[in-house]
>>> print(open('input.pdb').read())   # PDB, C-alpha atoms, pLDDT in the B column
ATOM      1  CA  MET A  21       0.000   0.000   0.000  1.00 86.00           C
ATOM      2  CA  VAL A  22       1.357   3.426  -0.932  1.00 92.00           C
ATOM      3  CA  ASN A  23       1.614   6.050   1.794  1.00 94.00           C
ATOM      4  CA  VAL A  24       0.462   9.035  -0.260  1.00 93.00           C
ATOM      5  CA  GLU A  25       1.075  11.566   2.502  1.00 94.00           C
ATOM      6  CA  LEU A  26       4.756  10.617   2.690  1.00 94.00           C
ATOM      7  CA  LEU A  27       4.962  10.588  -1.106  1.00 95.00           C
ATOM      8  CA  LYS A  28       3.418  14.067  -1.373  1.00 95.00           C
ATOM      9  CA  ARG A  29       5.778  15.310   1.335  1.00 95.00           C
ATOM     10  CA  GLU A  30       8.748  14.009  -0.656  1.00 94.00           C
ATOM     11  CA  ILE A  31       7.484  15.830  -3.757  1.00 95.00           C
ATOM     12  CA  VAL A  32       7.154  19.090  -1.810  1.00 95.00           C
ATOM     13  CA  ASP A  33      10.521  18.638  -0.078  1.00 94.00           C
ATOM     14  CA  LEU A  34      12.272  18.066  -3.403  1.00 92.00           C
ATOM     15  CA  GLY A  35      10.864  21.354  -4.693  1.00 93.00           C
ATOM     16  CA  VAL A  36      10.474  20.122  -8.254  1.00 90.00           C
ATOM     17  CA  PRO A  37       7.185  20.769 -10.087  1.00 95.00           C
ATOM     18  CA  LYS A  38       4.914  17.778 -10.556  1.00 95.00           C
ATOM     19  CA  THR A  39       5.116  18.304 -14.316  1.00 96.00           C
ATOM     20  CA  VAL A  40       8.853  17.581 -14.210  1.00 96.00           C
ATOM     21  CA  ILE A  41       8.349  14.485 -12.053  1.00 95.00           C
ATOM     22  CA  ALA A  42       5.575  13.278 -14.363  1.00 97.00           C
ATOM     23  CA  GLU A  43       7.791  13.731 -17.429  1.00 97.00           C
ATOM     24  CA  LYS A  44      10.569  11.704 -15.797  1.00 95.00           C
ATOM     25  CA  CYS A  45       7.979   8.968 -15.162  1.00 95.00           C
ATOM     26  CA  ASN A  46       6.738   9.053 -18.772  1.00 96.00           C
ATOM     27  CA  MET A  47       3.260  10.208 -17.783  1.00 97.00           C
ATOM     28  CA  SER A  48       1.231  13.386 -17.902  1.00 97.00           C
ATOM     29  CA  ARG A  49       0.761  15.681 -14.930  1.00 97.00           C
ATOM     30  CA  GLN A  50      -2.896  14.615 -14.858  1.00 98.00           C
ATOM     31  CA  SER A  51      -1.878  10.950 -14.699  1.00 97.00           C
ATOM     32  CA  LEU A  52       0.448  11.654 -11.791  1.00 97.00           C
ATOM     33  CA  ASP A  53      -2.299  13.543  -9.958  1.00 97.00           C
ATOM     34  CA  ASN A  54      -4.698  10.650 -10.606  1.00 97.00           C
ATOM     35  CA  LYS A  55      -2.143   8.197  -9.201  1.00 95.00           C
ATOM     36  CA  LEU A  56      -1.786  10.344  -6.078  1.00 95.00           C
ATOM     37  CA  GLU A  57      -5.565  10.453  -5.666  1.00 95.00           C
ATOM     38  CA  LYS A  58      -5.928   6.694  -6.248  1.00 94.00           C
ATOM     39  CA  PRO A  59      -2.647   5.211  -4.993  1.00 93.00           C
ATOM     40  CA  HIS A  60      -3.892   1.634  -5.392  1.00 91.00           C
ATOM     41  CA  THR A  61      -3.455   2.174  -9.158  1.00 94.00           C
ATOM     42  CA  ILE A  62       0.314   2.718  -8.864  1.00 94.00           C
ATOM     43  CA  THR A  63       2.104  -0.249 -10.396  1.00 94.00           C
ATOM     44  CA  ALA A  64       5.495  -1.529  -9.254  1.00 92.00           C
ATOM     45  CA  ASP A  65       7.065  -0.111 -12.431  1.00 95.00           C
ATOM     46  CA  GLU A  66       5.505   3.300 -11.771  1.00 95.00           C
ATOM     47  CA  ALA A  67       6.625   3.210  -8.135  1.00 94.00           C
ATOM     48  CA  CYS A  68      10.158   2.524  -9.311  1.00 94.00           C
ATOM     49  CA  LYS A  69      10.011   5.436 -11.785  1.00 96.00           C
ATOM     50  CA  ILE A  70       8.558   7.801  -9.181  1.00 96.00           C
ATOM     51  CA  ALA A  71      11.225   6.805  -6.655  1.00 96.00           C
ATOM     52  CA  SER A  72      13.913   7.373  -9.262  1.00 95.00           C
ATOM     53  CA  ALA A  73      12.471  10.760 -10.252  1.00 95.00           C
ATOM     54  CA  LEU A  74      12.414  11.788  -6.588  1.00 95.00           C
ATOM     55  CA  ARG A  75      15.898  10.327  -6.022  1.00 94.00           C
ATOM     56  CA  ILE A  76      14.660   8.096  -3.217  1.00 94.00           C
ATOM     57  CA  THR A  77      17.360   5.510  -2.647  1.00 91.00           C
ATOM     58  CA  GLU A  78      17.168   4.804   1.073  1.00 94.00           C
ATOM     59  CA  PRO A  79      15.566   1.365   1.563  1.00 94.00           C
ATOM     60  CA  GLU A  80      13.713   2.489   4.700  1.00 95.00           C
ATOM     61  CA  LYS A  81      12.170   5.436   2.896  1.00 94.00           C
ATOM     62  CA  LEU A  82      11.233   3.300  -0.129  1.00 93.00           C
ATOM     63  CA  LEU A  83       9.513   0.790   2.136  1.00 93.00           C
ATOM     64  CA  ALA A  84       7.761   3.472   4.173  1.00 94.00           C
ATOM     65  CA  ILE A  85       6.341   5.158   1.065  1.00 94.00           C
ATOM     66  CA  PHE A  86       5.677   2.378  -1.423  1.00 92.00           C
ATOM     67  CA  PHE A  87       5.215  -0.653   0.825  1.00 89.00           C
ATOM     68  CA  ALA A  88       3.399   0.744   3.837  1.00 85.00           C
ATOM     69  CA  SER A  89       1.558  -1.946   5.745  1.00 81.00           C
ATOM     70  CA  GLU A  90      -1.203   0.386   6.886  1.00 69.00           C
ATOM     71  CA  VAL A  91      -2.199   3.859   5.772  1.00 57.00           C
ATOM     72  CA  GLU A  92      -4.872   5.989   7.373  1.00 57.00           C
ATOM     73  CA  SER A  93      -7.461   7.360   4.966  1.00 52.00           C
TER
END
>>> encode(input="input.pdb", output="structure tokens")
Amino acid sequence: MVNVELLKREIVDLGVPKTVIAEKCNMSRQSLDNKLEKPHTITADEACKIASALRITEPEKLLAIFFASEVES
């Protein structure tokens, strides 16, 4: 399960526009926004691309964001 709050925080902390992140992930800005609204639609390949675009390399952070066991709605 994707922890969207942590993911959004990473996007803000990086300070790069979502359009740039979306381009690096080979998707439109709208697609990225849709993925953030419906995180269950994020595939493993997309998670890998998003992590790469955000330069997330720490295993703990990757697990906390993309493999969260429980996320509050």
>>> resolve_selection(input="input.pdb", expression="the PyMOL selection byres ((chain A and resi 88) around 12)", output="count of residues only")
21
>>> closest_residue(input="input.pdb", among="A:Pro79, A:Leu74, A:Lys28, A:Gly35", to="Lys55 of chain A", atoms="only C-alpha atoms")
A:Lys28
>>> closest_residue(input="input.pdb", among="A:Asn54, A:Arg29, A:Thr63, A:Thr77", to="Ala42 of chain A", atoms="only C-alpha atoms")
A:Asn54
>>> closest_residue(input="input.pdb", among="A:Lys69, A:Glu57, A:Ile31, A:Glu78", to="Cys45 of chain A", atoms="only C-alpha atoms")
A:Lys69
>>> atom_distance(input="input.pdb", atom1="atom CA of Asn46 of chain A", atom2="atom CA of Ile70 of chain A")
9.8 Å
>>> build_atoms(input="input.pdb", residues="segment 38-62 of chain A", atoms="N, CA and C atoms", output="compact mmCIF listing (two decimals), in the frame of the given file")
# COMPACT_ATOMS: atom_id res chain seq x y z
N LYS A 38 5.46 19.09 -10.21
CA LYS A 38 4.91 17.78 -10.56
C LYS A 38 5.03 17.49 -12.05
N THR A 39 4.99 18.53 -12.87
CA THR A 39 5.12 18.30 -14.32
C THR A 39 6.47 17.69 -14.65
N VAL A 40 7.51 18.12 -13.97
CA VAL A 40 8.85 17.58 -14.21
C VAL A 40 8.92 16.13 -13.74
N ILE A 41 8.36 15.86 -12.58
CA ILE A 41 8.35 14.48 -12.05
C ILE A 41 7.56 13.58 -13.00
N ALA A 42 6.40 14.06 -13.45
CA ALA A 42 5.58 13.28 -14.36
C ALA A 42 6.32 12.96 -15.66
N GLU A 43 7.02 13.95 -16.20
CA GLU A 43 7.79 13.73 -17.43
C GLU A 43 8.86 12.66 -17.22
N LYS A 44 9.54 12.70 -16.08
CA LYS A 44 10.57 11.70 -15.80
C LYS A 44 9.98 10.30 -15.65
N CYS A 45 8.68 10.25 -15.33
CA CYS A 45 7.98 8.97 -15.16
C CYS A 45 7.22 8.57 -16.43
N ASN A 46 7.42 9.32 -17.49
CA ASN A 46 6.74 9.05 -18.77
C ASN A 46 5.22 9.06 -18.64
N MET A 47 4.71 10.06 -17.91
CA MET A 47 3.26 10.21 -17.78
C MET A 47 2.93 11.69 -17.76
N SER A 48 1.66 12.00 -17.95
CA SER A 48 1.23 13.39 -17.90
C SER A 48 1.07 13.84 -16.45
N ARG A 49 0.99 15.13 -16.27
CA ARG A 49 0.76 15.68 -14.93
C ARG A 49 -0.58 15.18 -14.39
N GLN A 50 -1.58 15.10 -15.27
CA GLN A 50 -2.90 14.62 -14.86
C GLN A 50 -2.82 13.17 -14.39
N SER A 51 -2.04 12.35 -15.09
CA SER A 51 -1.88 10.95 -14.70
C SER A 51 -1.22 10.85 -13.32
N LEU A 52 -0.22 11.66 -13.10
CA LEU A 52 0.45 11.65 -11.79
C LEU A 52 -0.53 12.06 -10.70
N ASP A 53 -1.30 13.12 -10.94
CA ASP A 53 -2.30 13.54 -9.96
C ASP A 53 -3.33 12.45 -9.70
N ASN A 54 -3.74 11.75 -10.76
CA ASN A 54 -4.70 10.65 -10.61
C ASN A 54 -4.09 9.53 -9.76
N LYS A 55 -2.82 9.24 -9.98
CA LYS A 55 -2.14 8.20 -9.20
C LYS A 55 -2.06 8.59 -7.73
N LEU A 56 -1.85 9.88 -7.46
CA LEU A 56 -1.79 10.34 -6.08
C LEU A 56 -3.16 10.32 -5.42
N GLU A 57 -4.19 10.52 -6.20
CA GLU A 57 -5.56 10.45 -5.67
C GLU A 57 -6.03 9.01 -5.46
N LYS A 58 -5.55 8.11 -6.32
CA LYS A 58 -5.93 6.69 -6.25
C LYS A 58 -4.65 5.86 -6.21
N PRO A 59 -3.96 5.86 -5.07
CA PRO A 59 -2.65 5.21 -4.99
C PRO A 59 -2.67 3.71 -5.26
N HIS A 60 -3.82 3.07 -5.12
CA HIS A 60 -3.89 1.63 -5.39
C HIS A 60 -3.66 1.34 -6.88
N THR A 61 -3.68 2.37 -7.72
CA THR A 61 -3.46 2.17 -9.16
C THR A 61 -1.98 2.27 -9.53
N ILE A 62 -1.12 2.61 -8.58
CA ILE A 62 0.31 2.72 -8.86
C ILE A 62 0.91 1.32 -9.00
